[in-house]
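model-v9.cif (mmCIF, N, CA and C atoms)
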```
data_query
#
loop_
_atom_site.label_atom_id
_atom_site.label_comp_id
_atom_site.auth_asym_id
_atom_site.auth_seq_id
_atom_site.Cartn_x
_atom_site.Cartn_y
_atom_site.Cartn_z
N PHE K 22 -139.45 -12.57 210.10
CA PHE K 22 -140.03 -11.51 209.32
C PHE K 22 -139.85 -10.15 209.97
N GLY K 23 -139.34 -10.11 211.18
CA GLY K 23 -139.22 -8.86 211.91
C GLY K 23 -138.03 -8.02 211.50
N LYS K 24 -137.18 -8.53 210.64
CA LYS K 24 -135.99 -7.78 210.23
C LYS K 24 -136.39 -6.65 209.30
N GLY K 25 -135.46 -5.73 209.10
CA GLY K 25 -135.72 -4.56 208.27
C GLY K 25 -135.96 -4.91 206.82
N LEU K 26 -136.57 -3.99 206.11
CA LEU K 26 -136.89 -4.19 204.71
C LEU K 26 -135.65 -4.23 203.82
N SER K 27 -134.54 -3.72 204.32
CA SER K 27 -133.33 -3.69 203.50
C SER K 27 -132.47 -4.94 203.64
N ASP K 28 -132.78 -5.80 204.58
CA ASP K 28 -132.01 -7.02 204.80
C ASP K 28 -132.31 -8.02 203.67
N PRO K 29 -131.30 -8.38 202.87
CA PRO K 29 -131.54 -9.29 201.74
C PRO K 29 -132.07 -10.66 202.16
N GLN K 30 -131.63 -11.17 203.30
CA GLN K 30 -132.11 -12.47 203.78
C GLN K 30 -133.59 -12.41 204.13
N ALA K 31 -134.01 -11.30 204.75
CA ALA K 31 -135.43 -11.16 205.12
C ALA K 31 -136.30 -11.03 203.87
N ILE K 32 -135.81 -10.30 202.88
CA ILE K 32 -136.56 -10.13 201.63
C ILE K 32 -136.68 -11.48 200.92
N LEU K 33 -135.59 -12.22 200.85
CA LEU K 33 -135.61 -13.54 200.21
C LEU K 33 -136.56 -14.48 200.95
N ARG K 34 -136.51 -14.47 202.26
CA ARG K 34 -137.38 -15.36 203.03
C ARG K 34 -138.86 -15.01 202.81
N ARG K 35 -139.16 -13.71 202.74
CA ARG K 35 -140.54 -13.29 202.46
C ARG K 35 -140.99 -13.75 201.09
N LYS K 36 -140.11 -13.63 200.10
CA LYS K 36 -140.46 -14.05 198.73
C LYS K 36 -140.68 -15.56 198.66
N VAL K 37 -139.80 -16.32 199.31
CA VAL K 37 -139.93 -17.78 199.31
C VAL K 37 -141.23 -18.19 200.00
N THR K 38 -141.53 -17.56 201.12
CA THR K 38 -142.77 -17.87 201.84
C THR K 38 -143.98 -17.53 200.99
N GLU K 39 -143.92 -16.41 200.30
CA GLU K 39 -145.03 -16.00 199.42
C GLU K 39 -145.24 -17.02 198.30
N VAL K 40 -144.16 -17.47 197.67
CA VAL K 40 -144.28 -18.45 196.59
C VAL K 40 -144.83 -19.77 197.13
N TYR K 41 -144.36 -20.22 198.29
CA TYR K 41 -144.88 -21.45 198.88
C TYR K 41 -146.35 -21.32 199.25
N LEU K 42 -146.75 -20.17 199.77
CA LEU K 42 -148.14 -19.95 200.14
C LEU K 42 -149.03 -19.97 198.90
N LEU K 43 -148.63 -19.27 197.86
CA LEU K 43 -149.41 -19.28 196.62
C LEU K 43 -149.42 -20.66 195.97
N SER K 44 -148.31 -21.35 196.02
CA SER K 44 -148.24 -22.69 195.46
C SER K 44 -149.16 -23.64 196.22
N SER K 45 -149.19 -23.51 197.54
CA SER K 45 -150.09 -24.34 198.35
C SER K 45 -151.54 -24.04 198.01
N PHE K 46 -151.88 -22.77 197.87
CA PHE K 46 -153.26 -22.40 197.54
C PHE K 46 -153.64 -22.92 196.15
N HIS K 47 -152.74 -22.75 195.19
CA HIS K 47 -153.03 -23.22 193.83
C HIS K 47 -153.23 -24.72 193.79
N SER K 48 -152.32 -25.47 194.39
CA SER K 48 -152.45 -26.93 194.33
C SER K 48 -153.67 -27.40 195.11
N ALA K 49 -154.01 -26.73 196.21
CA ALA K 49 -155.20 -27.12 196.96
C ALA K 49 -156.47 -26.88 196.14
N MET K 50 -156.55 -25.75 195.46
CA MET K 50 -157.73 -25.46 194.63
C MET K 50 -157.85 -26.43 193.46
N CYS K 51 -156.73 -26.75 192.83
CA CYS K 51 -156.74 -27.71 191.72
C CYS K 51 -157.13 -29.10 192.23
N ALA K 52 -156.64 -29.47 193.39
CA ALA K 52 -156.97 -30.78 193.96
C ALA K 52 -158.46 -30.85 194.31
N VAL K 53 -159.00 -29.79 194.90
CA VAL K 53 -160.43 -29.77 195.24
C VAL K 53 -161.27 -29.86 193.97
N PHE K 54 -160.90 -29.10 192.94
CA PHE K 54 -161.64 -29.14 191.68
C PHE K 54 -161.62 -30.55 191.09
N SER K 55 -160.45 -31.15 191.05
CA SER K 55 -160.31 -32.47 190.46
C SER K 55 -161.06 -33.53 191.26
N LEU K 56 -160.89 -33.51 192.56
CA LEU K 56 -161.58 -34.49 193.39
C LEU K 56 -163.10 -34.33 193.31
N GLN K 57 -163.56 -33.10 193.27
CA GLN K 57 -164.99 -32.85 193.15
C GLN K 57 -165.53 -33.44 191.85
N LYS K 58 -164.82 -33.23 190.75
CA LYS K 58 -165.27 -33.76 189.46
C LYS K 58 -165.22 -35.29 189.44
N ILE K 59 -164.16 -35.86 189.94
CA ILE K 59 -163.97 -37.31 189.88
C ILE K 59 -164.92 -38.03 190.84
N LEU K 60 -165.04 -37.54 192.07
CA LEU K 60 -165.88 -38.23 193.06
C LEU K 60 -167.37 -38.11 192.75
N ARG K 61 -167.76 -37.06 192.05
CA ARG K 61 -169.17 -36.91 191.67
C ARG K 61 -169.49 -37.58 190.34
N GLY K 62 -168.49 -38.17 189.72
CA GLY K 62 -168.71 -38.86 188.45
C GLY K 62 -168.95 -37.92 187.28
N ARG K 63 -168.49 -36.69 187.41
CA ARG K 63 -168.68 -35.69 186.35
C ARG K 63 -167.34 -35.24 185.78
N TRP K 64 -166.42 -36.16 185.68
CA TRP K 64 -165.08 -35.78 185.22
C TRP K 64 -165.07 -35.31 183.77
N ASP K 65 -166.08 -35.68 182.99
CA ASP K 65 -166.11 -35.23 181.60
C ASP K 65 -167.02 -34.02 181.38
N ASP K 66 -167.59 -33.48 182.46
CA ASP K 66 -168.42 -32.28 182.37
C ASP K 66 -167.51 -31.06 182.19
N PRO K 67 -167.72 -30.25 181.14
CA PRO K 67 -166.83 -29.12 180.87
C PRO K 67 -167.00 -27.93 181.81
N LYS K 68 -168.03 -27.94 182.65
CA LYS K 68 -168.30 -26.81 183.52
C LYS K 68 -167.14 -26.55 184.47
N GLY K 69 -166.63 -25.34 184.43
CA GLY K 69 -165.55 -24.92 185.32
C GLY K 69 -164.15 -25.22 184.83
N CYS K 70 -164.02 -26.00 183.75
CA CYS K 70 -162.69 -26.40 183.28
C CYS K 70 -161.89 -25.22 182.74
N GLU K 71 -162.56 -24.38 181.96
CA GLU K 71 -161.85 -23.23 181.39
C GLU K 71 -161.39 -22.28 182.50
N GLY K 72 -162.23 -22.12 183.51
CA GLY K 72 -161.85 -21.27 184.64
C GLY K 72 -160.64 -21.81 185.39
N MET K 73 -160.59 -23.13 185.59
CA MET K 73 -159.45 -23.73 186.27
C MET K 73 -158.18 -23.62 185.44
N LEU K 74 -158.33 -23.76 184.13
CA LEU K 74 -157.16 -23.59 183.26
C LEU K 74 -156.64 -22.16 183.33
N CYS K 75 -157.54 -21.18 183.33
CA CYS K 75 -157.13 -19.78 183.44
C CYS K 75 -156.49 -19.50 184.80
N PHE K 76 -157.05 -20.09 185.85
CA PHE K 76 -156.48 -19.95 187.20
C PHE K 76 -155.06 -20.50 187.23
N SER K 77 -154.87 -21.68 186.65
CA SER K 77 -153.54 -22.28 186.62
C SER K 77 -152.59 -21.51 185.73
N LEU K 78 -153.10 -20.98 184.63
CA LEU K 78 -152.27 -20.17 183.74
C LEU K 78 -151.78 -18.91 184.46
N GLY K 79 -152.66 -18.28 185.23
CA GLY K 79 -152.27 -17.11 186.01
C GLY K 79 -151.21 -17.44 187.04
N TYR K 80 -151.39 -18.56 187.72
CA TYR K 80 -150.40 -18.98 188.72
C TYR K 80 -149.06 -19.29 188.06
N THR K 81 -149.09 -20.02 186.94
CA THR K 81 -147.86 -20.37 186.25
C THR K 81 -147.14 -19.12 185.74
N THR K 82 -147.89 -18.18 185.22
CA THR K 82 -147.30 -16.93 184.75
C THR K 82 -146.66 -16.17 185.91
N TYR K 83 -147.36 -16.11 187.04
CA TYR K 83 -146.80 -15.45 188.23
C TYR K 83 -145.51 -16.13 188.66
N THR K 84 -145.50 -17.46 188.66
CA THR K 84 -144.30 -18.19 189.05
C THR K 84 -143.13 -17.87 188.12
N LEU K 85 -143.42 -17.84 186.83
CA LEU K 85 -142.36 -17.51 185.87
C LEU K 85 -141.81 -16.11 186.09
N VAL K 86 -142.68 -15.16 186.37
CA VAL K 86 -142.24 -13.78 186.58
C VAL K 86 -141.50 -13.64 187.90
N SER K 87 -142.06 -14.21 188.97
CA SER K 87 -141.43 -14.04 190.28
C SER K 87 -140.12 -14.80 190.42
N LEU K 88 -139.97 -15.89 189.69
CA LEU K 88 -138.74 -16.69 189.78
C LEU K 88 -137.93 -16.61 188.48
N ARG K 89 -138.04 -15.50 187.79
CA ARG K 89 -137.36 -15.35 186.50
C ARG K 89 -135.85 -15.50 186.61
N GLY K 90 -135.28 -15.20 187.75
CA GLY K 90 -133.85 -15.37 187.94
C GLY K 90 -133.42 -16.83 187.89
N GLN K 91 -134.33 -17.73 188.24
CA GLN K 91 -134.03 -19.16 188.23
C GLN K 91 -134.09 -19.76 186.83
N LEU K 92 -134.78 -19.11 185.91
CA LEU K 92 -134.96 -19.67 184.58
C LEU K 92 -133.64 -19.92 183.87
N LEU K 93 -132.70 -19.01 184.03
CA LEU K 93 -131.40 -19.16 183.36
C LEU K 93 -130.43 -20.02 184.17
N LYS K 94 -130.67 -20.13 185.48
CA LYS K 94 -129.78 -20.91 186.34
C LYS K 94 -130.13 -22.39 186.39
N ASP K 95 -131.42 -22.69 186.28
CA ASP K 95 -131.89 -24.06 186.45
C ASP K 95 -132.65 -24.50 185.20
N ASN K 96 -131.99 -25.30 184.37
CA ASN K 96 -132.59 -25.73 183.11
C ASN K 96 -133.83 -26.60 183.32
N LEU K 97 -133.81 -27.45 184.33
CA LEU K 97 -134.97 -28.31 184.59
C LEU K 97 -136.19 -27.49 185.03
N PHE K 98 -135.95 -26.48 185.84
CA PHE K 98 -137.05 -25.60 186.25
C PHE K 98 -137.63 -24.89 185.03
N ALA K 99 -136.77 -24.39 184.17
CA ALA K 99 -137.24 -23.69 182.97
C ALA K 99 -138.01 -24.64 182.06
N LEU K 100 -137.51 -25.84 181.89
CA LEU K 100 -138.19 -26.83 181.05
C LEU K 100 -139.55 -27.22 181.64
N ASN K 101 -139.60 -27.46 182.94
CA ASN K 101 -140.84 -27.83 183.60
C ASN K 101 -141.88 -26.72 183.50
N GLU K 102 -141.51 -25.51 183.82
CA GLU K 102 -142.46 -24.40 183.79
C GLU K 102 -142.88 -24.08 182.35
N GLY K 103 -141.95 -24.16 181.42
CA GLY K 103 -142.28 -23.93 180.02
C GLY K 103 -143.25 -24.98 179.49
N ALA K 104 -143.01 -26.24 179.83
CA ALA K 104 -143.90 -27.31 179.40
C ALA K 104 -145.29 -27.16 180.01
N HIS K 105 -145.32 -26.77 181.28
CA HIS K 105 -146.61 -26.57 181.95
C HIS K 105 -147.38 -25.40 181.30
N LEU K 106 -146.68 -24.34 180.96
CA LEU K 106 -147.30 -23.19 180.30
C LEU K 106 -147.87 -23.60 178.95
N ILE K 107 -147.11 -24.35 178.18
CA ILE K 107 -147.57 -24.82 176.86
C ILE K 107 -148.77 -25.75 177.02
N GLU K 108 -148.73 -26.62 178.01
CA GLU K 108 -149.84 -27.54 178.27
C GLU K 108 -151.13 -26.76 178.54
N LEU K 109 -151.05 -25.75 179.39
CA LEU K 109 -152.24 -24.96 179.73
C LEU K 109 -152.75 -24.18 178.53
N LEU K 110 -151.83 -23.56 177.80
CA LEU K 110 -152.24 -22.79 176.62
C LEU K 110 -152.87 -23.67 175.54
N SER K 111 -152.31 -24.86 175.34
CA SER K 111 -152.87 -25.74 174.31
C SER K 111 -154.25 -26.25 174.72
N CYS K 112 -154.46 -26.50 176.01
CA CYS K 112 -155.80 -26.91 176.47
C CYS K 112 -156.80 -25.77 176.30
N LEU K 113 -156.37 -24.55 176.55
CA LEU K 113 -157.28 -23.41 176.39
C LEU K 113 -157.62 -23.16 174.93
N ARG K 114 -156.68 -23.40 174.03
CA ARG K 114 -156.90 -23.14 172.60
C ARG K 114 -157.71 -24.23 171.92
N SER K 115 -157.66 -25.43 172.44
CA SER K 115 -158.32 -26.58 171.80
C SER K 115 -159.77 -26.68 172.23
N ARG K 116 -160.58 -27.17 171.34
CA ARG K 116 -162.00 -27.40 171.65
C ARG K 116 -162.21 -28.88 171.96
N GLY K 117 -163.10 -29.14 172.89
CA GLY K 117 -163.47 -30.51 173.21
C GLY K 117 -162.46 -31.28 174.05
N VAL K 118 -161.56 -30.58 174.71
CA VAL K 118 -160.57 -31.28 175.54
C VAL K 118 -160.81 -31.06 177.04
N SER K 119 -161.96 -30.50 177.38
CA SER K 119 -162.22 -30.21 178.79
C SER K 119 -162.31 -31.48 179.64
N TRP K 120 -162.55 -32.62 179.01
CA TRP K 120 -162.61 -33.87 179.75
C TRP K 120 -161.27 -34.23 180.39
N ILE K 121 -160.18 -33.69 179.84
CA ILE K 121 -158.86 -34.03 180.37
C ILE K 121 -158.44 -33.14 181.54
N VAL K 122 -159.13 -32.02 181.72
CA VAL K 122 -158.72 -31.05 182.74
C VAL K 122 -158.75 -31.63 184.16
N PRO K 123 -159.82 -32.31 184.60
CA PRO K 123 -159.77 -32.89 185.96
C PRO K 123 -158.63 -33.88 186.14
N THR K 124 -158.32 -34.62 185.08
CA THR K 124 -157.20 -35.57 185.16
C THR K 124 -155.87 -34.83 185.29
N LEU K 125 -155.70 -33.75 184.53
CA LEU K 125 -154.48 -32.94 184.64
C LEU K 125 -154.36 -32.32 186.03
N MET K 126 -155.46 -31.84 186.53
CA MET K 126 -155.45 -31.19 187.84
C MET K 126 -155.25 -32.19 188.98
N SER K 127 -155.55 -33.47 188.74
CA SER K 127 -155.37 -34.47 189.80
C SER K 127 -153.90 -34.65 190.15
N ALA K 128 -153.00 -34.24 189.27
CA ALA K 128 -151.57 -34.28 189.59
C ALA K 128 -151.22 -33.33 190.72
N GLU K 129 -152.09 -32.37 191.00
CA GLU K 129 -151.85 -31.41 192.06
C GLU K 129 -152.24 -31.93 193.44
N ILE K 130 -152.93 -33.06 193.50
CA ILE K 130 -153.39 -33.58 194.80
C ILE K 130 -152.22 -33.84 195.75
N PRO K 131 -151.19 -34.62 195.37
CA PRO K 131 -150.07 -34.80 196.30
C PRO K 131 -149.26 -33.52 196.50
N LEU K 132 -149.25 -32.65 195.47
CA LEU K 132 -148.50 -31.40 195.61
C LEU K 132 -149.11 -30.47 196.64
N ALA K 133 -150.41 -30.56 196.86
CA ALA K 133 -151.04 -29.72 197.88
C ALA K 133 -150.42 -30.02 199.25
N CYS K 134 -150.24 -31.29 199.56
CA CYS K 134 -149.63 -31.67 200.84
C CYS K 134 -148.15 -31.33 200.87
N LEU K 135 -147.46 -31.57 199.77
CA LEU K 135 -146.03 -31.26 199.71
C LEU K 135 -145.78 -29.77 199.86
N ASN K 136 -146.58 -28.96 199.19
CA ASN K 136 -146.42 -27.51 199.31
C ASN K 136 -146.75 -27.02 200.72
N ALA K 137 -147.73 -27.65 201.35
CA ALA K 137 -148.02 -27.30 202.74
C ALA K 137 -146.84 -27.65 203.65
N LEU K 138 -146.19 -28.78 203.41
CA LEU K 138 -145.00 -29.14 204.19
C LEU K 138 -143.87 -28.14 203.97
N ARG K 139 -143.68 -27.72 202.73
CA ARG K 139 -142.64 -26.72 202.44
C ARG K 139 -142.93 -25.41 203.14
N LEU K 140 -144.19 -25.00 203.12
CA LEU K 140 -144.57 -23.76 203.78
C LEU K 140 -144.38 -23.86 205.29
N LEU K 141 -144.79 -24.99 205.87
CA LEU K 141 -144.60 -25.18 207.31
C LEU K 141 -143.12 -25.15 207.69
N ALA K 142 -142.28 -25.75 206.87
CA ALA K 142 -140.84 -25.73 207.15
C ALA K 142 -140.29 -24.31 207.04
N GLU K 143 -140.77 -23.57 206.08
CA GLU K 143 -140.28 -22.21 205.86
C GLU K 143 -140.64 -21.27 207.01
N VAL K 144 -141.82 -21.44 207.58
CA VAL K 144 -142.22 -20.57 208.69
C VAL K 144 -141.75 -21.11 210.04
N GLY K 145 -141.09 -22.27 210.05
CA GLY K 145 -140.45 -22.77 211.27
C GLY K 145 -141.31 -23.66 212.15
N VAL K 146 -142.33 -24.28 211.60
CA VAL K 146 -143.14 -25.21 212.39
C VAL K 146 -142.32 -26.48 212.61
N PRO K 147 -142.20 -26.93 213.86
CA PRO K 147 -141.38 -28.13 214.12
C PRO K 147 -141.98 -29.39 213.50
N ARG K 148 -141.11 -30.29 213.09
CA ARG K 148 -141.54 -31.53 212.45
C ARG K 148 -142.31 -32.45 213.38
N SER K 149 -142.18 -32.23 214.65
CA SER K 149 -142.90 -33.08 215.61
C SER K 149 -144.33 -32.59 215.86
N SER K 150 -144.71 -31.46 215.27
CA SER K 150 -146.05 -30.92 215.51
C SER K 150 -147.11 -31.76 214.82
N THR K 151 -148.33 -31.65 215.29
CA THR K 151 -149.46 -32.41 214.75
C THR K 151 -149.75 -32.00 213.31
N VAL K 152 -149.69 -30.72 213.04
CA VAL K 152 -149.96 -30.23 211.68
C VAL K 152 -148.96 -30.82 210.69
N TRP K 153 -147.70 -30.84 211.07
CA TRP K 153 -146.66 -31.40 210.21
C TRP K 153 -146.92 -32.88 209.96
N GLN K 154 -147.23 -33.61 211.01
CA GLN K 154 -147.48 -35.05 210.89
C GLN K 154 -148.69 -35.35 210.02
N LEU K 155 -149.76 -34.53 210.17
CA LEU K 155 -150.95 -34.73 209.32
C LEU K 155 -150.65 -34.49 207.84
N CYS K 156 -149.92 -33.41 207.56
CA CYS K 156 -149.56 -33.13 206.16
C CYS K 156 -148.64 -34.20 205.60
N LEU K 157 -147.71 -34.66 206.40
CA LEU K 157 -146.80 -35.72 205.95
C LEU K 157 -147.57 -37.02 205.68
N GLY K 158 -148.49 -37.35 206.57
CA GLY K 158 -149.30 -38.55 206.38
C GLY K 158 -150.17 -38.45 205.14
N ALA K 159 -150.76 -37.28 204.91
CA ALA K 159 -151.60 -37.09 203.72
C ALA K 159 -150.76 -37.16 202.45
N PHE K 160 -149.55 -36.61 202.49
CA PHE K 160 -148.67 -36.66 201.33
C PHE K 160 -148.24 -38.09 201.03
N ALA K 161 -147.94 -38.85 202.08
CA ALA K 161 -147.45 -40.22 201.90
C ALA K 161 -148.54 -41.17 201.40
N THR K 162 -149.79 -40.86 201.69
CA THR K 162 -150.85 -41.74 201.24
C THR K 162 -151.30 -41.27 199.89
#
```
Would you mind writing the file out in structure tokens?
Amino acid sequence: FGKGLSDPQAILRRKVTEVYLLSSFHSAMCAVFSLQKILRGRWDDPKGCEGMLCFSLGYTTYTLVSLRGQLLKDNLFALNEGAHLIELLSCLRSRGVSWIVPTLMSAEIPLACLNALRLLAEVGVPRSSTVWQLCLGAFAT
């Protein structure tokens, strides 16, 4: 990160690190929300579901804007992000579907660990470190 602001490699690395950091935060928050609802036996309680959907919608919109160059290059990325955007919008527009939100957010549980591994690799943490091993173990289980 110490390189000049005009170096394209440094700018790209900063952007990639930023996306991984935000992705890790998003998936961790979704995982905590989902686990909290499921472990407390309140998975069908609508409290907080609309907020989590809006949080995810904001993150997805940011991802689409920040990685807009990839949308035309990578069809699978465009399809995945577009489907996720439609999924969130349809849940927000529909009434009585808040029971499905914790289940949808539970898909983020393994992604929280995977995104943490990506972020650790991006900032140069060695694979032999304890933090790396803990994240890898959590992802594998």
request  = For the structure shown, which residues end up in the PyMOL selection byres ((chain K and resi 45-57) around 7)? Put them as an MDAnalysis selection string, please?
outcome  = chainID K and resid 40:44 58:64 122:124 126:127 129:130 132:134 136:137
ask   = Any chance you could work out the residue set of the PyMOL selection byres (((chain K and resi 38 and name CA) around 10) and name CA) here, as a ChimeraX atom specification?
value = /K:32-37,39-44,139-144
ask   = Could you name the residues that touch K:Asp65 at 8 Å or less, counting only C-alpha atoms, but leaving out those on the same chain fewer than 3 positions away, as a list in words?
value =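 Listed by chain and then number, they are Ser119, Trp120 and Ile121 of chain K.
Those residues that approach stretch 104-111 of chain K to within 7 Å, counting all atoms listed in the file, are Leu74, Ser77, Leu78, Thr81, Ala99, Leu100, Asn101, Glu102, Leu113, Arg114 and Ser115 of chain K; same-chain residues fewer than 2 positions away are not listed.
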inquiry  = To test your reading of the syntax: which residues would the PyMOL selection byres (((chain K and resi 88 and name CA) around 10) and name CA) return for the file shown? Reply as a list in words.
reply    =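 Those residues are Lys36, Val37, Val40, Thr82, Tyr83, Thr84, Leu85, Val86, Ser87, Arg89, Gly90, Gln91, Leu92, Phe98 and Ala99 of chain K.
Compared by their closest atoms to K:Glu71, and using all atoms listed in the file, the residues K:Val152, K:Ala128, K:Val146, K:Cys112 rank with K:Cys112 nearest.
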inquiry  = Quick check, in Å to one decimal: how far apart do atom N of K:Asp95 and atom CA of K:Leu135 lie?
reply    =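 Value for the atom N of K:Asp95-atom CA of K:Leu135 distance: 21.6 Å.
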task = List every residue of chain K that DSSP, applied to the backbone, labels as alpha helix (DSSP H), and write the result as an MDAnalysis selection string.
result = chainID K and resid 29:60 70:87 89:94 96:114 122:126 129:144 151:161
query = What gap, in Å, lies between atom CA of K:Leu125 and atom N of K:Cys70?
reply =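 Atom CA of K:Leu125 sits 11.8 Å away from atom N of K:Cys70.
Reported to one decimal place, the separation of atom CA of K:Gly158 from atom N of K:Pro131 is 11.8 Å.
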Quick one: stretch 43-51 of chain K with all heavy atoms, as a tab-separated table (two decimals), in the first residue's frame?
```tsv
chain	number	residue	atom	x	y	z
K	43	LEU	N	-15.13	-5.43	2.70
K	43	LEU	CA	-16.57	-5.22	2.77
K	43	LEU	C	-17.34	-6.53	2.63
K	43	LEU	O	-18.35	-6.74	3.29
K	43	LEU	CB	-17.01	-4.23	1.71
K	43	LEU	CG	-16.61	-2.78	1.98
K	43	LEU	CD1	-16.94	-1.91	0.79
K	43	LEU	CD2	-17.27	-2.26	3.22
K	44	SER	N	-16.86	-7.41	1.77
K	44	SER	CA	-17.50	-8.70	1.60
K	44	SER	C	-17.41	-9.53	2.88
K	44	SER	O	-18.38	-10.19	3.27
K	44	SER	CB	-16.85	-9.44	0.44
K	44	SER	OG	-17.44	-10.69	0.23
K	45	SER	N	-16.26	-9.47	3.54
K	45	SER	CA	-16.10	-10.19	4.81
K	45	SER	C	-17.04	-9.63	5.87
K	45	SER	O	-17.68	-10.39	6.61
K	45	SER	CB	-14.66	-10.08	5.31
K	45	SER	OG	-13.78	-10.69	4.41
K	46	PHE	N	-17.15	-8.31	5.94
K	46	PHE	CA	-18.04	-7.69	6.92
K	46	PHE	C	-19.50	-8.05	6.63
K	46	PHE	O	-20.25	-8.41	7.54
K	46	PHE	CB	-17.85	-6.17	6.90
K	46	PHE	CG	-18.75	-5.44	7.86
K	46	PHE	CD1	-18.50	-5.50	9.21
K	46	PHE	CD2	-19.83	-4.72	7.39
K	46	PHE	CE1	-19.33	-4.84	10.11
K	46	PHE	CE2	-20.67	-4.07	8.28
K	46	PHE	CZ	-20.41	-4.12	9.64
K	47	HIS	N	-19.89	-7.98	5.36
K	47	HIS	CA	-21.27	-8.30	4.99
K	47	HIS	C	-21.61	-9.74	5.33
K	47	HIS	O	-22.63	-10.02	5.95
K	47	HIS	CB	-21.49	-8.04	3.49
K	47	HIS	CG	-22.81	-8.52	3.00
K	47	HIS	ND1	-22.94	-9.71	2.31
K	47	HIS	CD2	-24.06	-8.01	3.12
K	47	HIS	CE1	-24.22	-9.89	2.03
K	47	HIS	NE2	-24.91	-8.88	2.51
K	48	SER	N	-20.76	-10.67	4.92
K	48	SER	CA	-21.07	-12.07	5.18
K	48	SER	C	-21.04	-12.38	6.67
K	48	SER	O	-21.85	-13.19	7.16
K	48	SER	CB	-20.13	-12.99	4.40
K	48	SER	OG	-18.79	-12.74	4.72
K	49	ALA	N	-20.16	-11.73	7.43
K	49	ALA	CA	-20.12	-11.96	8.87
K	49	ALA	C	-21.41	-11.45	9.53
K	49	ALA	O	-21.98	-12.13	10.39
K	49	ALA	CB	-18.91	-11.28	9.49
K	50	MET	N	-21.88	-10.28	9.14
K	50	MET	CA	-23.12	-9.74	9.72
K	50	MET	C	-24.33	-10.60	9.35
K	50	MET	O	-25.20	-10.85	10.19
K	50	MET	CB	-23.34	-8.30	9.27
K	50	MET	CG	-22.36	-7.30	9.85
K	50	MET	SD	-22.40	-7.23	11.65
K	50	MET	CE	-20.95	-8.16	12.08
K	51	CYS	N	-24.38	-11.07	8.12
K	51	CYS	CA	-25.49	-11.94	7.69
K	51	CYS	C	-25.43	-13.27	8.45
K	51	CYS	O	-26.47	-13.80	8.86
K	51	CYS	CB	-25.44	-12.19	6.19
K	51	CYS	SG	-25.83	-10.75	5.21
```
